[in-house]
$ cat work_31.csv   # CSV, C-alpha atoms
chain,number,residue,atom,x,y,z
A,17,MET,CA,25.6,-19.3,73.9
A,18,HIS,CA,22.5,-19.1,71.8
A,19,PHE,CA,21.0,-22.3,70.5
A,20,ARG,CA,18.2,-21.3,68.2
A,21,ASN,CA,20.8,-22.5,65.7
A,22,LEU,CA,24.3,-22.9,67.0
A,23,THR,CA,25.9,-19.6,67.8
A,24,PHE,CA,28.7,-18.5,65.4
A,25,ILE,CA,32.0,-19.7,66.9
A,26,GLY,CA,34.8,-18.4,64.8
A,27,MET,CA,33.7,-20.1,61.7
A,28,ALA,CA,36.0,-19.3,58.8
A,29,GLY,CA,33.8,-19.0,55.9
A,30,VAL,CA,30.1,-19.5,55.3
A,31,VAL,CA,24.9,-21.6,51.2
A,32,LEU,CA,17.8,-36.6,41.6
A,33,GLY,CA,15.4,-35.5,39.3
A,34,LEU,CA,12.3,-33.4,39.1
A,35,LEU,CA,8.7,-34.3,38.5
A,36,ALA,CA,8.2,-35.4,34.9
A,37,GLY,CA,8.1,-32.4,32.6
A,38,ALA,CA,9.2,-30.0,35.3
A,39,ALA,CA,13.0,-30.0,35.1
A,40,ILE,CA,14.8,-27.0,36.6
A,41,ALA,CA,16.5,-26.2,33.3
A,42,GLN,CA,13.2,-25.7,31.5
A,43,PRO,CA,11.7,-22.2,31.3
A,44,SER,CA,8.6,-21.4,33.3
A,45,PRO,CA,6.1,-18.6,33.3
A,46,ALA,CA,7.0,-15.6,35.4
A,47,LYS,CA,4.6,-15.0,38.3
A,48,PRO,CA,4.9,-13.4,41.7
A,49,ALA,CA,6.2,-15.5,44.6
A,50,GLN,CA,3.3,-14.6,46.8
A,51,ALA,CA,0.0,-12.8,46.1
A,52,GLU,CA,-0.4,-10.0,48.6
A,53,THR,CA,-3.8,-9.4,50.1
A,54,LYS,CA,-5.0,-6.1,48.7
A,55,THR,CA,-7.8,-5.6,51.1
A,56,TRP,CA,-5.9,-6.3,54.3
A,57,THR,CA,-5.6,-3.4,56.7
A,58,PRO,CA,-2.6,-3.3,59.1
A,59,PRO,CA,-3.1,-2.8,62.8
A,60,ARG,CA,-2.3,0.7,64.1
A,61,THR,CA,-0.4,2.1,67.0
A,62,ALA,CA,-1.9,4.8,69.2
A,63,ASP,CA,-0.6,7.5,66.9
A,64,GLY,CA,-2.2,5.9,63.9
A,65,ARG,CA,0.8,4.5,62.2
A,66,PRO,CA,1.0,0.8,61.0
A,67,ASP,CA,2.1,-1.4,63.9
A,68,LEU,CA,5.4,-3.0,62.8
A,69,GLN,CA,6.2,-4.3,66.3
A,70,GLY,CA,7.1,-7.8,67.1
A,71,VAL,CA,9.7,-10.4,66.2
A,72,TRP,CA,10.3,-11.0,62.5
A,73,ALA,CA,12.3,-13.9,60.9
A,74,ASN,CA,14.2,-14.2,57.7
A,75,ASN,CA,14.6,-17.9,57.0
A,76,ASN,CA,14.2,-17.6,53.2
A,77,ALA,CA,16.1,-20.1,51.1
A,78,THR,CA,16.0,-17.8,48.0
A,79,PRO,CA,19.6,-16.8,47.2
A,80,LEU,CA,20.8,-13.2,47.1
A,81,GLU,CA,22.0,-13.6,43.5
A,82,ARG,CA,20.2,-15.7,40.8
A,83,PRO,CA,22.3,-18.9,40.1
A,84,LYS,CA,23.7,-18.7,36.6
A,85,GLU,CA,22.0,-22.0,35.6
A,86,LEU,CA,18.7,-20.1,36.2
A,87,ALA,CA,19.6,-17.1,34.1
A,88,GLY,CA,16.6,-15.4,32.6
A,89,ARG,CA,14.2,-17.2,35.0
A,90,PRO,CA,13.0,-14.9,37.9
A,91,TYR,CA,10.5,-17.5,39.0
A,92,LEU,CA,10.2,-21.3,39.3
A,93,THR,CA,7.1,-23.4,38.7
A,94,GLU,CA,5.2,-24.8,41.6
A,95,GLN,CA,6.4,-28.3,40.7
A,96,GLU,CA,10.0,-27.1,40.8
A,97,VAL,CA,9.5,-25.6,44.2
A,98,ALA,CA,8.0,-28.8,45.5
A,99,ALA,CA,11.0,-30.7,44.2
A,100,LEU,CA,13.4,-28.4,46.0
A,101,LYS,CA,11.5,-28.6,49.2
A,102,ARG,CA,11.5,-32.4,49.1
A,103,LYS,CA,15.3,-32.5,48.4
A,104,ALA,CA,16.0,-29.9,51.2
A,105,HIS,CA,14.1,-32.0,53.6
A,106,GLU,CA,16.0,-35.1,52.6
A,107,LEU,CA,19.4,-33.3,52.8
A,108,PHE,CA,19.1,-31.2,55.9
A,109,ASP,CA,16.1,-32.1,58.1
A,110,GLY,CA,17.5,-35.3,59.6
A,111,GLY,CA,20.5,-33.7,61.3
A,112,ASN,CA,22.9,-36.2,59.7
A,113,SER,CA,24.6,-33.8,57.2
A,114,ASP,CA,26.9,-30.8,57.7
A,115,ALA,CA,25.2,-27.5,58.3
A,116,ALA,CA,24.7,-25.4,55.2
A,117,PHE,CA,24.7,-21.6,55.6
A,118,GLY,CA,23.6,-18.7,53.4
A,119,ASP,CA,23.0,-19.3,49.7
A,120,SER,CA,24.7,-22.7,49.9
A,121,VAL,CA,21.3,-24.2,50.9
A,122,PHE,CA,19.6,-23.2,47.7
A,123,VAL,CA,22.5,-23.9,45.5
A,124,SER,CA,23.2,-27.4,47.0
A,125,VAL,CA,19.5,-28.4,46.8
A,126,LEU,CA,19.3,-27.2,43.2
A,127,GLN,CA,22.5,-29.2,42.2
A,128,ASN,CA,21.1,-32.3,43.9
A,129,VAL,CA,17.8,-32.0,42.1
A,130,LYS,CA,19.5,-31.6,38.8
A,131,GLY,CA,21.7,-34.6,39.5
A,132,GLU,CA,24.9,-32.6,39.4
A,133,LYS,CA,25.7,-33.4,43.1
A,134,ALA,CA,24.9,-36.0,45.6
A,135,GLY,CA,24.5,-34.9,49.2
A,136,PHE,CA,26.2,-32.0,50.9
A,137,GLN,CA,29.5,-31.4,52.5
A,138,SER,CA,30.6,-28.1,53.9
A,139,VAL,CA,33.6,-26.2,52.6
A,140,ASP,CA,35.6,-27.3,55.6
A,141,GLY,CA,34.4,-30.9,55.4
A,142,GLY,CA,37.9,-32.1,56.2
A,143,THR,CA,37.6,-30.9,59.8
A,144,GLY,CA,33.8,-31.1,60.0
A,145,ASP,CA,31.2,-28.5,60.7
A,146,TYR,CA,28.0,-28.1,62.7
A,147,SER,CA,25.4,-30.7,62.1
A,148,SER,CA,22.3,-29.6,60.3
A,149,VAL,CA,20.3,-30.5,63.5
A,150,TRP,CA,21.2,-27.0,64.7
A,151,LEU,CA,19.6,-25.2,61.7
A,152,VAL,CA,16.1,-23.9,61.2
A,153,GLU,CA,14.1,-25.1,58.3
A,154,ARG,CA,14.5,-22.7,55.3
A,155,ASN,CA,11.5,-21.4,53.4
A,156,PHE,CA,11.4,-22.0,49.7
A,157,ASP,CA,9.2,-19.9,47.3
A,158,ASN,CA,9.3,-19.6,43.6
A,159,ARG,CA,11.7,-16.6,43.4
A,160,THR,CA,15.2,-17.3,42.1
A,161,SER,CA,16.9,-14.3,43.7
A,162,LEU,CA,16.4,-11.7,46.4
A,163,ILE,CA,17.9,-9.1,44.0
A,164,THR,CA,15.1,-7.4,42.1
A,165,ASP,CA,17.2,-4.8,40.4
A,166,PRO,CA,19.2,-5.3,38.2
A,167,PRO,CA,16.5,-7.4,36.5
A,168,ASP,CA,19.0,-10.3,35.9
A,169,GLY,CA,19.1,-10.9,39.7
A,170,ARG,CA,22.8,-10.4,39.9
A,171,LEU,CA,25.0,-7.9,41.7
A,172,PRO,CA,26.3,-5.1,39.5
A,173,ALA,CA,29.9,-5.2,38.5
A,174,LEU,CA,32.4,-3.8,40.9
A,175,THR,CA,34.2,-0.6,40.2
A,176,PRO,CA,38.0,-0.7,39.8
A,177,GLU,CA,38.3,0.7,43.3
A,178,GLY,CA,35.8,-2.0,44.6
A,179,GLN,CA,37.8,-4.7,42.8
A,180,LYS,CA,41.1,-3.6,44.5
A,181,ARG,CA,39.4,-3.5,47.9
A,182,GLN,CA,37.9,-6.9,47.4
A,183,ALA,CA,41.2,-8.4,46.3
A,184,ALA,CA,43.0,-6.9,49.3
A,185,THR,CA,40.5,-8.2,51.8
A,186,ALA,CA,40.6,-11.7,50.2
A,187,ALA,CA,44.4,-11.7,50.4
A,188,VAL,CA,44.2,-11.0,54.2
A,189,ARG,CA,41.5,-13.5,54.8
A,190,ASN,CA,43.3,-16.3,52.9
A,191,SER,CA,46.6,-15.8,54.7
A,192,ARG,CA,47.6,-16.8,58.2
A,193,PRO,CA,46.1,-14.3,60.6
A,194,GLU,CA,48.5,-12.3,62.7
A,195,GLY,CA,45.8,-11.3,65.1
A,196,PRO,CA,42.0,-11.1,65.4
A,197,GLU,CA,42.0,-7.9,63.2
A,198,ASP,CA,42.7,-10.1,60.2
A,199,ARG,CA,39.4,-12.0,60.6
A,200,SER,CA,35.9,-10.8,59.8
A,201,LEU,CA,33.8,-8.5,62.0
A,202,SER,CA,31.3,-11.3,62.7
A,203,GLU,CA,34.0,-13.7,63.7
A,204,ARG,CA,35.4,-11.1,66.1
A,205,CYS,CA,31.9,-10.7,67.6
A,206,ILE,CA,31.8,-7.0,66.6
A,207,THR,CA,28.8,-7.0,64.2
A,208,PHE,CA,27.0,-8.8,61.4
A,209,GLY,CA,26.4,-5.4,59.8
A,210,ALA,CA,23.2,-3.6,58.8
A,211,PRO,CA,21.3,-4.2,56.7
A,212,ARG,CA,21.8,-7.9,57.2
A,213,LEU,CA,20.6,-9.8,54.2
A,214,GLY,CA,21.6,-13.3,55.3
A,215,ALA,CA,19.0,-15.8,56.3
A,216,GLY,CA,18.6,-19.0,58.4
A,217,TYR,CA,21.3,-18.2,60.9
A,218,ASN,CA,19.9,-16.3,63.9
A,219,SER,CA,18.3,-14.0,61.4
A,220,TYR,CA,15.6,-12.7,63.8
A,221,TYR,CA,14.7,-9.0,64.4
A,222,GLN,CA,12.6,-7.4,67.1
A,223,ILE,CA,11.0,-4.0,66.2
A,224,VAL,CA,9.8,-1.6,68.8
A,225,GLN,CA,8.2,1.7,67.8
A,226,SER,CA,6.9,4.9,69.3
A,227,ALA,CA,5.6,8.1,67.7
A,228,ASP,CA,9.0,9.6,67.3
A,229,SER,CA,11.4,6.6,67.0
A,230,VAL,CA,11.8,3.0,65.9
A,231,ALA,CA,14.3,0.5,67.4
A,232,ILE,CA,15.4,-2.6,65.5
A,233,GLU,CA,17.3,-5.3,67.5
A,234,MET,CA,19.1,-7.9,65.6
A,235,GLU,CA,19.5,-11.3,67.3
A,236,THR,CA,23.1,-11.7,66.0
A,237,ILE,CA,25.4,-10.0,68.5
A,238,HIS,CA,22.3,-8.0,69.8
A,239,ASP,CA,23.0,-4.9,67.7
A,240,VAL,CA,20.3,-2.3,68.2
A,241,ARG,CA,19.5,0.4,65.6
A,242,MET,CA,17.9,3.5,67.0
A,243,ILE,CA,16.0,5.3,64.2
A,244,PRO,CA,14.6,8.8,64.9
A,245,LEU,CA,11.4,9.7,63.1
A,246,ASP,CA,11.8,13.5,63.4
A,247,THR,CA,13.4,15.9,60.9
A,248,ARG,CA,16.8,16.0,62.5
A,249,PRO,CA,19.7,15.9,60.0
A,250,HIS,CA,22.2,13.2,59.7
A,251,LEU,CA,25.3,13.4,61.9
A,252,PRO,CA,28.4,15.1,60.4
A,253,SER,CA,30.3,12.9,57.9
A,254,THR,CA,33.2,12.7,60.3
A,255,MET,CA,31.1,10.6,62.7
A,256,ARG,CA,30.9,7.1,61.4
A,257,SER,CA,29.8,3.7,62.8
A,258,TRP,CA,29.4,0.1,61.8
A,259,LEU,CA,25.6,0.4,61.7
A,260,GLY,CA,25.6,3.9,60.1
A,261,ASP,CA,23.4,6.8,61.0
A,262,SER,CA,19.7,6.2,60.3
A,263,ARG,CA,16.8,8.6,59.9
A,264,GLY,CA,13.3,7.4,59.3
A,265,HIS,CA,10.0,8.8,58.0
A,266,TRP,CA,6.6,7.5,56.9
A,267,GLU,CA,5.4,7.4,53.3
A,268,GLY,CA,1.8,6.4,53.7
A,269,ASP,CA,1.9,3.0,55.4
A,270,THR,CA,5.5,2.4,54.7
A,271,LEU,CA,8.4,3.2,57.0
A,272,VAL,CA,11.4,4.5,55.0
A,273,VAL,CA,14.8,4.5,56.6
A,274,ASP,CA,17.7,6.4,55.2
A,275,THR,CA,21.2,5.4,56.4
A,276,THR,CA,24.6,7.1,55.8
A,277,ASN,CA,27.9,7.6,57.7
A,278,TYR,CA,29.0,4.0,57.6
A,279,LYS,CA,32.5,2.9,58.4
A,280,ALA,CA,34.4,1.4,55.4
A,281,GLY,CA,33.8,-2.3,55.3
A,282,ALA,CA,30.7,-2.3,57.4
A,283,PHE,CA,28.6,-3.9,54.7
A,284,MET,CA,29.8,-6.4,52.0
A,285,ASN,CA,33.2,-4.6,51.9
A,286,ALA,CA,31.6,-1.3,50.8
A,287,SER,CA,33.2,2.1,51.1
A,288,GLU,CA,32.4,5.0,53.3
A,289,LYS,CA,30.2,6.3,50.5
A,290,LEU,CA,27.6,3.6,51.2
A,291,HIS,CA,24.0,4.9,51.2
A,292,VAL,CA,21.2,2.5,52.2
A,293,THR,CA,17.5,3.0,51.8
A,294,GLU,CA,15.1,0.5,53.5
A,295,ARG,CA,11.3,0.2,53.3
A,296,PHE,CA,9.2,-1.7,55.8
A,297,THR,CA,5.6,-2.5,54.8
A,298,ARG,CA,3.1,-4.8,56.5
A,299,THR,CA,1.5,-6.8,53.8
A,300,GLY,CA,-0.5,-9.3,55.9
A,301,PRO,CA,-1.1,-10.5,59.4
A,302,GLU,CA,2.1,-12.6,59.4
A,303,THR,CA,4.3,-10.8,56.7
A,304,LEU,CA,6.5,-7.8,56.6
A,305,LYS,CA,7.8,-6.7,53.2
A,306,TYR,CA,11.4,-5.6,53.6
A,307,GLU,CA,12.9,-3.7,50.6
A,308,VAL,CA,16.5,-2.5,50.5
A,309,THR,CA,18.4,-0.4,48.0
A,310,ILE,CA,22.2,-0.2,48.1
A,311,ASP,CA,24.0,2.7,46.6
A,312,ASP,CA,27.8,2.9,46.8
A,313,PRO,CA,29.4,4.5,43.7
A,314,ALA,CA,32.9,3.6,45.0
A,315,THR,CA,32.1,-0.1,45.1
A,316,TRP,CA,29.4,-1.0,42.6
A,317,THR,CA,28.9,0.5,39.1
A,318,LYS,CA,25.2,1.1,39.9
A,319,PRO,CA,22.7,0.8,42.8
A,320,TRP,CA,21.0,-2.5,43.4
A,321,SER,CA,17.9,-3.6,45.3
A,322,VAL,CA,16.5,-6.6,47.1
A,323,VAL,CA,13.1,-7.6,48.5
A,324,ILE,CA,12.9,-10.0,51.5
A,325,PRO,CA,9.6,-11.2,52.9
A,326,LEU,CA,9.9,-11.3,56.7
A,327,SER,CA,7.7,-13.7,58.7
A,328,HIS,CA,6.2,-12.9,62.1
A,329,SER,CA,7.6,-15.2,64.8
A,330,ARG,CA,6.2,-16.1,68.1
A,331,ASP,CA,9.7,-17.0,69.3
A,332,ALA,CA,11.7,-14.6,71.5
A,333,VAL,CA,15.0,-13.0,70.6
A,334,PHE,CA,17.4,-15.0,72.7
A,335,GLU,CA,20.8,-14.1,74.2
A,336,TYR,CA,23.6,-14.4,71.7
A,337,ALA,CA,26.6,-14.3,74.0
A,338,CYS,CA,29.1,-14.1,71.1
A,339,HIS,CA,32.2,-13.1,73.0
A,340,GLU,CA,31.5,-15.5,75.9
A,341,GLY,CA,31.4,-18.5,73.4
A,342,ASN,CA,33.9,-17.4,70.8
A,343,LEU,CA,36.3,-20.3,71.3
A,344,GLY,CA,36.8,-20.5,67.5
A,345,MET,CA,38.8,-17.3,67.5
A,346,THR,CA,41.2,-18.7,70.0
A,347,GLY,CA,41.5,-21.9,67.9
A,348,ILE,CA,42.1,-20.0,64.7
A,349,LEU,CA,44.9,-17.9,66.2
A,350,ALA,CA,46.4,-20.8,68.1
A,351,GLY,CA,46.3,-22.9,64.9
A,352,ALA,CA,48.2,-20.1,63.0
A,353,ARG,CA,50.9,-20.0,65.7
A,354,ALA,CA,51.2,-23.8,65.7
A,355,GLU,CA,51.8,-23.7,62.0
A,356,GLU,CA,54.5,-21.1,62.4
A,357,LYS,CA,56.1,-23.2,65.1
A,358,ALA,CA,56.0,-26.3,62.9
A,359,GLU,CA,57.7,-24.4,60.1
A,360,ARG,CA,60.4,-23.1,62.3
A,361,THR,CA,61.0,-26.6,63.7
A,362,ALA,CA,61.2,-28.0,60.1
A,363,LYS,CA,63.8,-25.5,59.2

$ encode --input "work_31.csv" --output "structure tokens"
Amino acid sequence: MHFRNLTFIGMAGVVLGLLAGAAIAQPSPAKPAQAETKTWTPPRTADGRPDLQGVWANNNATPLERPKELAGRPYLTEQEVAALKRKAHELFDGGNSDAAFGDSVFVSVLQNVKGEKAGFQSVDGGTGDYSSVWLVERNFDNRTSLITDPPDGRLPALTPEGQKRQAATAAVRNSRPEGPEDRSLSERCITFGAPRLGAGYNSYYQIVQSADSVAIEMETIHDVRMIPLDTRPHLPSTMRSWLGDSRGHWEGDTLVVDTTNYKAGAFMNASEKLHVTERFTRTGPETLKYEVTIDDPATWTKPWSVVIPLSHSRDAVFEYACHEGNLGMTGILAGARAEEKAERTAK
């Protein structure tokens, strides 16, 4: 089991006032989250390309979508960010609260700062959850969404086909599972998918590169993406995988990765038409700018893009051992069978 955080074990779902004059609800001037160093020159590999190698972490607190209460506000003031950091430290750094995953970290901290909520309890608070002692500290900046396009920081509307697919998936997930196939890919220790946009939960990546290929290992479940840098075409469309078929090339100092041939449902319940474009750019000694554009006309009405700043980490990528520690799946299925038995007994 991997204890950077607590390894995912069948978890079924999983993110009191500001300084005077700096309330979250008030508008603030738009400004970039971080000023990039224009004169910095990235280190080079033997073949002269920017050296992207190393371990990179995504522990950002910025939510994927902009919260509705921050509509029209792409950035927060420095005072607002400071207030969020203080509240996050109060809520999660002592190890006394439930663990908060994904966007629930930012949303809960925001609600606490605005006085709309006191403390934090996980969605399965009735049975408990991991303690926050297992979680890494999340990094707050002044952006209000990872999504940069559309400009409102929200996911585009689903197509009718996408809505039907989402409803069908939700119906299965909200019903009693007949077997492991009714649970998510991550709960089954198959994959967390790629690109993985989630932060703060074993969201570390190790990049190794050569002149003709790049390998990206994801700490979760130890998926490894092998990305050729030559001009070979994509695989035939009949050959599909959970991580898709990636091809890379350099545009100046930016590595561009084009991925097709996904299995349906490999990423955010998308279809087999999913097409992902990723861009990796070193912007400083400790930062890697990660840009992703998602295009699936069978799921969303238009493409959408995110920008995630990755931070260099001196930690190693540890063993994940998902299958070996997946006691939660046994518990979920045993619980379902116990409920069925109880119903038969009652009848």

$ atom_distance --input "work_31.csv" --atom1 "CA of Asp312 in chain A" --atom2 "CA of Ala282 in chain A"
12.2 Å

$ closest_residue --input "work_31.csv" --among "A:Leu304, A:Val123, A:Leu213, A:Val224" --to "Thr61 in chain A" --atoms "all atoms listed in the file"
A:Val224

$ atom_distance --input "work_31.csv" --atom1 "CA of Pro166 in chain A" --atom2 "CA of Ser321 in chain A"
7.4 Å

$ atom_distance --input "work_31.csv" --atom1 "CA of Gly300 in chain A" --atom2 "CA of Leu151 in chain A"
26.3 Å

$ residues_around --input "work_31.csv" --residues "range 285-297 of chain A" --least-positions-apart "3" --cutoff "7 Å" --atoms "only C-alpha atoms" --output "PyMOL selection string"
chain A and resi 182+269-282+304-312+314-315

$ write_last_selection --input "work_31.csv" --atoms "C-alpha atoms" --output "PDB file, keeping the file's coordinate frame"
ATOM      1  CA  GLN A 182      37.900  -6.900  47.400  1.00  0.00           C
ATOM      2  CA  ASP A 269       1.900   3.000  55.400  1.00  0.00           C
ATOM      3  CA  THR A 270       5.500   2.400  54.700  1.00  0.00           C
ATOM      4  CA  LEU A 271       8.400   3.200  57.000  1.00  0.00           C
ATOM      5  CA  VAL A 272      11.400   4.500  55.000  1.00  0.00           C
ATOM      6  CA  VAL A 273      14.800   4.500  56.600  1.00  0.00           C
ATOM      7  CA  ASP A 274      17.700   6.400  55.200  1.00  0.00           C
ATOM      8  CA  THR A 275      21.200   5.400  56.400  1.00  0.00           C
ATOM      9  CA  THR A 276      24.600   7.100  55.800  1.00  0.00           C
ATOM     10  CA  ASN A 277      27.900   7.600  57.700  1.00  0.00           C
ATOM     11  CA  TYR A 278      29.000   4.000  57.600  1.00  0.00           C
ATOM     12  CA  LYS A 279      32.500   2.900  58.400  1.00  0.00           C
ATOM     13  CA  ALA A 280      34.400   1.400  55.400  1.00  0.00           C
ATOM     14  CA  GLY A 281      33.800  -2.300  55.300  1.00  0.00           C
ATOM     15  CA  ALA A 282      30.700  -2.300  57.400  1.00  0.00           C
ATOM     16  CA  LEU A 304       6.500  -7.800  56.600  1.00  0.00           C
ATOM     17  CA  LYS A 305       7.800  -6.700  53.200  1.00  0.00           C
ATOM     18  CA  TYR A 306      11.400  -5.600  53.600  1.00  0.00           C
ATOM     19  CA  GLU A 307      12.900  -3.700  50.600  1.00  0.00           C
ATOM     20  CA  VAL A 308      16.500  -2.500  50.500  1.00  0.00           C
ATOM     21  CA  THR A 309      18.400  -0.400  48.000  1.00  0.00           C
ATOM     22  CA  ILE A 310      22.200  -0.200  48.100  1.00  0.00           C
ATOM     23  CA  ASP A 311      24.000   2.700  46.600  1.00  0.00           C
ATOM     24  CA  ASP A 312      27.800   2.900  46.800  1.00  0.00           C
ATOM     25  CA  ALA A 314      32.900   3.600  45.000  1.00  0.00           C
ATOM     26  CA  THR A 315      32.100  -0.100  45.100  1.00  0.00           C
TER      27      THR A 315
END

$ closest_residue --input "work_31.csv" --among "A:Gly88, A:Pro66, A:Gly268, A:Pro59" --to "Gly169 in chain A" --atoms "all atoms listed in the file"
A:Gly88

$ residues_near_point --input "work_31.csv" --point "(15.0, 1.8, 62.6)" --cutoff "12 Å" --atoms "all atoms listed in the file" --output "VMD selection string"
chain A and resid 68 to 69 210 to 211 221 to 226 228 to 234 239 to 245 259 to 266 271 to 275 293 to 296

$ closest_residue --input "work_31.csv" --among "A:Val323, A:Cys338, A:Ala73, A:Val129" --to "Asn218 in chain A" --atoms "all atoms listed in the file"
A:Ala73

$ residues_near_point --input "work_31.csv" --point "(23.1, -17.1, 51.7)" --cutoff "7 Å" --atoms "all atoms listed in the file" --output "PDB file with C-alpha atoms, keeping the file's coordinate frame"
ATOM      1  CA  VAL A  31      24.900 -21.600  51.200  1.00  0.00           C
ATOM      2  CA  PRO A  79      19.600 -16.800  47.200  1.00  0.00           C
ATOM      3  CA  LEU A  80      20.800 -13.200  47.100  1.00  0.00           C
ATOM      4  CA  PHE A 117      24.700 -21.600  55.600  1.00  0.00           C
ATOM      5  CA  GLY A 118      23.600 -18.700  53.400  1.00  0.00           C
ATOM      6  CA  ASP A 119      23.000 -19.300  49.700  1.00  0.00           C
ATOM      7  CA  SER A 120      24.700 -22.700  49.900  1.00  0.00           C
ATOM      8  CA  GLY A 214      21.600 -13.300  55.300  1.00  0.00           C
ATOM      9  CA  ALA A 215      19.000 -15.800  56.300  1.00  0.00           C
TER      10      ALA A 215
END

$ closest_atom_pairs --input "work_31.csv" --of "range 289-360 of chain A" --to "range 198-205 of chain A" --cutoff "9 Å" --atoms "all atoms listed in the file" --output "Markdown table"
| residue | atom | partner | partner_atom | distance |
| --- | --- | --- | --- | --- |
| A:Cys338 | CA | A:Cys205 | CA | 5.6 |
| A:His339 | CA | A:Cys205 | CA | 5.9 |
| A:Asn342 | CA | A:Cys205 | CA | 7.7 |
| A:Gly344 | CA | A:Glu203 | CA | 8.3 |
| A:Met345 | CA | A:Glu203 | CA | 7.1 |

$ closest_residue --input "work_31.csv" --among "A:Glu153, A:Glu132, A:Glu194, A:Asp67" --to "His105 in chain A" --atoms "all atoms listed in the file"
A:Glu153

$ closest_residue --input "work_31.csv" --among "A:Leu126, A:Arg330, A:Val322, A:Gly195" --to "Leu92 in chain A" --atoms "only C-alpha atoms"
A:Leu126

$ residues_around --input "work_31.csv" --residues "Ser329 in chain A" --least-positions-apart "3" --cutoff "9 Å" --atoms "only C-alpha atoms" --output "list in words"
Gly70, Val71, Trp72, Ala73, Tyr220, Glu302 and Ala332 of chain A
